[in-house]
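Working notes, structure below.
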Amino acid sequence: MDKVIPKLEEAIHDIEDGALIAIGGFFTCGVPRDLLKAIISKGIKDLTFACGSGPLLGAKEEMSELVANNQIKKVIDSYGLARSTSKGLDDPFEAQVRANKIELEVVPMGTLAEKYRAAGAGIPAFYVKTGAGTFVEDGLVTNFSENTNGKETKIIDGEKYVLEYSIKPDFALVHAYMGDKEGNLYYRKTARNFNHVMATAGKVTIAEVEKIVEPGEIDSHCIHTPGIYVQRVVQVSRREFEITID
Amino acid sequence: MDKVIPKLEEAIHDIEDGALIAIGGFFTCGVPRDLLKAIISKGIKDLTFACGSGPLLGAKEEMSELVANNQIKKVIDSYGLARSTSKGLDDPFEAQVRANKIELEVVPMGTLAEKYRAAGAGIPAFYVKTGAGTFVEDGLVTNFSENTNGKETKIIDGEKYVLEYSIKPDFALVHAYMGDKEGNLYYRKTARNFNHVMATAGKVTIAEVEKIVEPGEIDSHCIHTPGIYVQRVVQVSRREFEITID
Amino acid sequence: MKKFEGLPQEIIALRASQELKDGDYVNLGIGIPTMISNWIEGRDIFLHSEIGMIKTGPLAYDEDIDQDLINASCQPVTEVAGSIYFDISESFAMIRGGHVDVTVMGAFQVSEKGDFAGWNNPSRGLGNVGNIGGSMDLSAGSRRLIITMEHTTKNGDPKLLKELTYPATGRGNVNLIFTDLAVIEVAPEGLILKEIYPGLTTEDIQSVTEPKLIISPDLKEIEL
Amino acid sequence: MKKFEGLPQEIIALRASQELKDGDYVNLGIGIPTMISNWIEGRDIFLHSEIGMIKTGPLAYDEDIDQDLINASCQPVTEVAGSIYFDISESFAMIRGGHVDVTVMGAFQVSEKGDFAGWNNPSRGLGNVGNIGGSMDLSAGSRRLIITMEHTTKNGDPKLLKELTYPATGRGNVNLIFTDLAVIEVAPEGLILKEIYPGLTTEDIQSVTEPKLIISPDLKEIEL
């Protein structure tokens, strides 16, 4: 079963307007930037990007194109805005959020990680203490006020927990260091971050990898993402980039 | 931070009567048998063993001693009885269950894995479809009828899910192939099975390992159980045993 | 009740193996399902073992036996190129999350609604307290659930029923049933008889099946 | 309001570092908490980065920079012997599951109940819609939560309040507060003043603190 797709545009051929797309990566680290470029080239619109911790801040160039092309309908993230408030004032994405042209939904990072993990693991909802007693419990986490809904809570062993639901993306785009033809993935250092959970969550998961190897070449004890979660693998070249977010 | 304890009896010195003890292993594979032997030697009683898939069937010798010594109050497992009904009729553990001297609580294997994972991950409860519409939903999963409680359910996107609670053991006993002095663990092949989730779940986690190495000797990308979950490491020798359950 | 001669177990397994597609991730239960692995050698099918392995190889014998390498039925197995290992919560994330394409299991009883009873053994005298293993997770989570079994009990009593009399392992999850006598699809409107053992009539099959069968317009003999 | 001279930020970090025990797994937030790492070199403390790393090494410069190795604040860092990597759900399992012994964070405000506001910036004009990151998970999940901060705002307004006026990051989780002027414990009965900047009086500290302070019977000067 060879899951390798020769070209980026072919790997994303069935992503359409309105798709819910998960993006791996943590700021600049481990972001599937070539797949994002393919999304930009394809020009599809009304996209919701399900992120973990600012991969679109890390992929500055791609982000500004996505915003300039009006491709984004919504972003879900724990850290979606420029770090510096003053830079944020000049940021086209943030301007669109402030103008309510793009929805930004904020979720605590660990809850977000678990929402993707839960989607992959067949768990539609789970309780966490994160956010209990805060605006997260009240659901005041989006600039689209019509979408604010208070969350269900439950007292378990005397402590209050918030019920959180899984997020199941139509497509998950991830970046790995190595992938074999059967879709098994291996990440380098902290570039693993959200890539594994995103890969498990996607209805269709597409991995861009820096190296393609034969099945068996990645240590059988050291597979980070089993190929069962990965439908397509596409090779990209390793790019150098600056490690910074504004 | 050297977590290595020289002796088995020292590694379990603070496990007391009535403890809830998780045991890694799947039938004969990856069971912490030397730690079980230490539990037997210590003679502590009223123990509840939280298992995954028959580690006490796999560790026949230890199981029969635990039963003969009346150390077991309860077992939680997905597969706790002899495979063969006729062998079960001769089995002292099963006889005690049948006589309601020992409680056996049955949980579907995947739900059980998730209950331990949830305990380690700070998730007190979660929804699964496993068991919906069955006696699991009705809570008819123990021979102690006073402990049968129907489970909460919820319709999510038109499907019925059952609310399951985490199981947080006082101690988790696991078996690993390799461990470093900081408690990072590496398992061989299918001996990983329940050992990792048990290690994350234990309030105190004790690992018996076949090899102790220095920090950094296990590949940093290939740590199966990060040492943050492991309080004590003790070396045991690799033993040969028969691969069979009755 | 009349008892018909049909396919031997190995051949039920062969017929079921033809239902698997290249690239499928498949979990095989104990009994007839395990025999399917003999029919898919060389095919591009990924065998998932719930203990935490994908691309589970054939059974191991003698010096190939490794005590750290067993399948979920406690049998020593082997590795093949591309075999991988993972922990149990990952393994059941795959199952519950719908990543396993097909599970094949045995059953004591299947109902016309697709409910099935896979493990209960009332003779044990412990009610529901028995060995569930991963059967409930597999039946609830897999994309497709295939049952392979004898059409009737040893006494010739039907195992295809209107309602289960044993406790359910899963409700409404069975998609397809392969028996020694027939291939039957579970549809919203009931059980559809699709293939039949050569020489038997639809009346013969109905006579050993409790619910009323819907005869497929494309009914044919079981082909191998 | 009067503004007192106190410890520089590096020295707040030094004092807080003394609260960490050998063997502790510790997560350090951005700002003063990050400076703690300068004071624990050579000590047996495991630095956890929520991006998915334990034993995070010092910041990387020049040719040591690896674009696949950053901390949760997007700074390039280094490995040390025994550094390990894991995925984000494992990382937050550690945090939420109570495996991280101590988290040290900055705060805009802390209440006498141990509530704190760690990140909100009303000047952005987006209400609650901002950068939460992992701060809510860390405050809810860590065994101990330590806050390091200036005792007052730049204008001299108290940051230790009866009730938060900014949205809470966590409720009732703060255990200990290190400021430039004092060390304060959060107890069920209120804020206990334990250590004080040399030369200041308890009245001085009270004058820049909104809730009534409980003076510890063991009150002493901040010792380093």
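Lettering and numbering for the structure tokens are positional, with chains as A, B, ... in the shown order, residues counted from 1 in each chain, and ligands counted from 1 in the shown order.
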Would you mind listing, for every residue of chain C within 9 Å of chain B, the two atoms forming the shortest contact and the distance between them in Å to one decimal, using only C-alpha atoms, sorted by chain and ascending residue number, as JSON lines?
{"residue": "C:Glu50", "atom": "CA", "partner": "B:Asn193", "partner_atom": "CA", "distance": 8.8}
{"residue": "C:Ile51", "atom": "CA", "partner": "B:Asn193", "partner_atom": "CA", "distance": 5.5}
{"residue": "C:Gly52", "atom": "CA", "partner": "B:Asn193", "partner_atom": "CA", "distance": 5.9}
{"residue": "C:Met53", "atom": "CA", "partner": "B:Thr190", "partner_atom": "CA", "distance": 6.8}
{"residue": "C:Gln67", "atom": "CA", "partner": "B:Cys29", "partner_atom": "CA", "distance": 6.6}
{"residue": "C:Asp68", "atom": "CA", "partner": "B:Ala191", "partner_atom": "CA", "distance": 5.2}
{"residue": "C:Leu69", "atom": "CA", "partner": "B:Thr190", "partner_atom": "CA", "distance": 5.2}
{"residue": "C:Ile70", "atom": "CA", "partner": "B:Thr190", "partner_atom": "CA", "distance": 6.5}
{"residue": "C:Asn71", "atom": "CA", "partner": "B:Thr190", "partner_atom": "CA", "distance": 7.9}
{"residue": "C:Ala72", "atom": "CA", "partner": "B:Phe26", "partner_atom": "CA", "distance": 8.0}
{"residue": "C:Ser73", "atom": "CA", "partner": "B:Phe27", "partner_atom": "CA", "distance": 8.6}
{"residue": "C:Cys74", "atom": "CA", "partner": "B:Thr244", "partner_atom": "CA", "distance": 6.4}
{"residue": "C:Gln75", "atom": "CA", "partner": "B:Ile243", "partner_atom": "CA", "distance": 7.0}
{"residue": "C:Pro76", "atom": "CA", "partner": "B:Ile243", "partner_atom": "CA", "distance": 7.1}
{"residue": "C:Ile84", "atom": "CA", "partner": "B:Lys189", "partner_atom": "CA", "distance": 8.2}
{"residue": "C:Tyr85", "atom": "CA", "partner": "B:Lys189", "partner_atom": "CA", "distance": 5.9}
{"residue": "C:Phe86", "atom": "CA", "partner": "B:Arg192", "partner_atom": "CA", "distance": 7.1}
{"residue": "C:Asp87", "atom": "CA", "partner": "B:Asn193", "partner_atom": "CA", "distance": 5.0}
{"residue": "C:Ile88", "atom": "CA", "partner": "B:Asn193", "partner_atom": "CA", "distance": 4.9}
{"residue": "C:Ser89", "atom": "CA", "partner": "B:Ala113", "partner_atom": "CA", "distance": 5.4}
{"residue": "C:Ser91", "atom": "CA", "partner": "B:Gly110", "partner_atom": "CA", "distance": 8.2}
{"residue": "C:Phe92", "atom": "CA", "partner": "B:Gly110", "partner_atom": "CA", "distance": 5.2}
{"residue": "C:Ala93", "atom": "CA", "partner": "B:Gly110", "partner_atom": "CA", "distance": 8.0}
{"residue": "C:Ile95", "atom": "CA", "partner": "B:Gly110", "partner_atom": "CA", "distance": 8.3}
{"residue": "C:Arg96", "atom": "CA", "partner": "B:Gly110", "partner_atom": "CA", "distance": 7.8}
{"residue": "C:Asn121", "atom": "CA", "partner": "B:Thr85", "partner_atom": "CA", "distance": 8.2}
{"residue": "C:Ser123", "atom": "CA", "partner": "B:Thr85", "partner_atom": "CA", "distance": 8.0}
{"residue": "C:Arg124", "atom": "CA", "partner": "B:Thr85", "partner_atom": "CA", "distance": 6.2}
{"residue": "C:Gly125", "atom": "CA", "partner": "B:Arg98", "partner_atom": "CA", "distance": 7.9}
{"residue": "C:Leu126", "atom": "CA", "partner": "B:Arg98", "partner_atom": "CA", "distance": 6.8}
{"residue": "C:Gly127", "atom": "CA", "partner": "B:Asn143", "partner_atom": "CA", "distance": 8.1}
{"residue": "C:Asn128", "atom": "CA", "partner": "B:Val141", "partner_atom": "CA", "distance": 6.2}
{"residue": "C:Val129", "atom": "CA", "partner": "B:Val141", "partner_atom": "CA", "distance": 5.7}
{"residue": "C:Gly130", "atom": "CA", "partner": "B:Leu81", "partner_atom": "CA", "distance": 6.6}
{"residue": "C:Asn131", "atom": "CA", "partner": "B:Tyr79", "partner_atom": "CA", "distance": 4.3}
{"residue": "C:Ile132", "atom": "CA", "partner": "B:Ser78", "partner_atom": "CA", "distance": 5.5}
{"residue": "C:Gly133", "atom": "CA", "partner": "B:Ser78", "partner_atom": "CA", "distance": 4.8}
{"residue": "C:Gly134", "atom": "CA", "partner": "B:Met109", "partner_atom": "CA", "distance": 4.7}
{"residue": "C:Ser135", "atom": "CA", "partner": "B:Pro108", "partner_atom": "CA", "distance": 7.4}
{"residue": "C:Met136", "atom": "CA", "partner": "B:Thr130", "partner_atom": "CA", "distance": 5.8}
{"residue": "C:Asp137", "atom": "CA", "partner": "B:Thr130", "partner_atom": "CA", "distance": 5.2}
{"residue": "C:Leu138", "atom": "CA", "partner": "B:Thr130", "partner_atom": "CA", "distance": 8.3}
{"residue": "C:Ser139", "atom": "CA", "partner": "B:Thr130", "partner_atom": "CA", "distance": 8.0}
{"residue": "C:Ala140", "atom": "CA", "partner": "B:Thr130", "partner_atom": "CA", "distance": 5.4}
{"residue": "C:Gly141", "atom": "CA", "partner": "B:Thr130", "partner_atom": "CA", "distance": 7.4}
{"residue": "C:Pro167", "atom": "CA", "partner": "B:Phe135", "partner_atom": "CA", "distance": 7.0}
{"residue": "C:Ala168", "atom": "CA", "partner": "B:Thr134", "partner_atom": "CA", "distance": 5.6}
{"residue": "C:Thr169", "atom": "CA", "partner": "B:Thr134", "partner_atom": "CA", "distance": 6.7}
{"residue": "C:Gly170", "atom": "CA", "partner": "B:Gly131", "partner_atom": "CA", "distance": 6.8}
{"residue": "C:Arg171", "atom": "CA", "partner": "B:Gly133", "partner_atom": "CA", "distance": 6.3}
Among the residues of segment 4-185 of chain D, find those DSSP assigns to helix (DSSP H, G or I) from the backbone and print them as a PyMOL selection string. chain D and resi 9-17+32-39+62-64+88-96+122-124+135-141
Using only C-alpha atoms, which chain A residues lie at most 9 Å away from chain B, written as JSON, numbers by chain? {"A": [122, 123, 124, 125, 126, 127, 128, 129, 156, 161, 163, 186, 187, 188, 189, 220, 221, 222, 223, 224]}
Secondary structure check, strand (DSSP E) residues of segment 77-218 of chain C, as a ChimeraX atom specification: /C:84-85,102-105,109-111,116-117,144-148,160-161,174-178,182-187,190-196,214-218
Using only C-alpha atoms, which residue out of D:Glu210, D:Glu79, D:Glu90, D:Asp157 lies closest to chain C? D:Glu90
Which of these residues is nearest to Ala68 of chain A, using only C-alpha atoms: A:Gln96, A:Gln231, A:Asn149, A:Thr225?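 Using only C-alpha atoms, Ala68 of chain A sits closest to A:Gln96.
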Selected residue, from A:Ala11, A:Val162, A:Ile228, A:Ile102, that lies nearest to Lys74 of chain A when counting only C-alpha atoms: A:Ile102
Best match for closeness to Ser207 of chain D among D:Met105, D:Val26, D:Thr152, D:Glu63, counting only C-alpha atoms: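 Answer, going by the shortest atom-to-atom distance: D:Thr152.
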Neighbours of segment 173-181 of chain C within 8 Å (only C-alpha atoms; same-chain residues fewer than 2 positions away dropped), as number ranges by chain? C: 4-9, 12, 15-16, 114-116, 139-140, 144-151, 170-171, 183-187, 196-197, 205
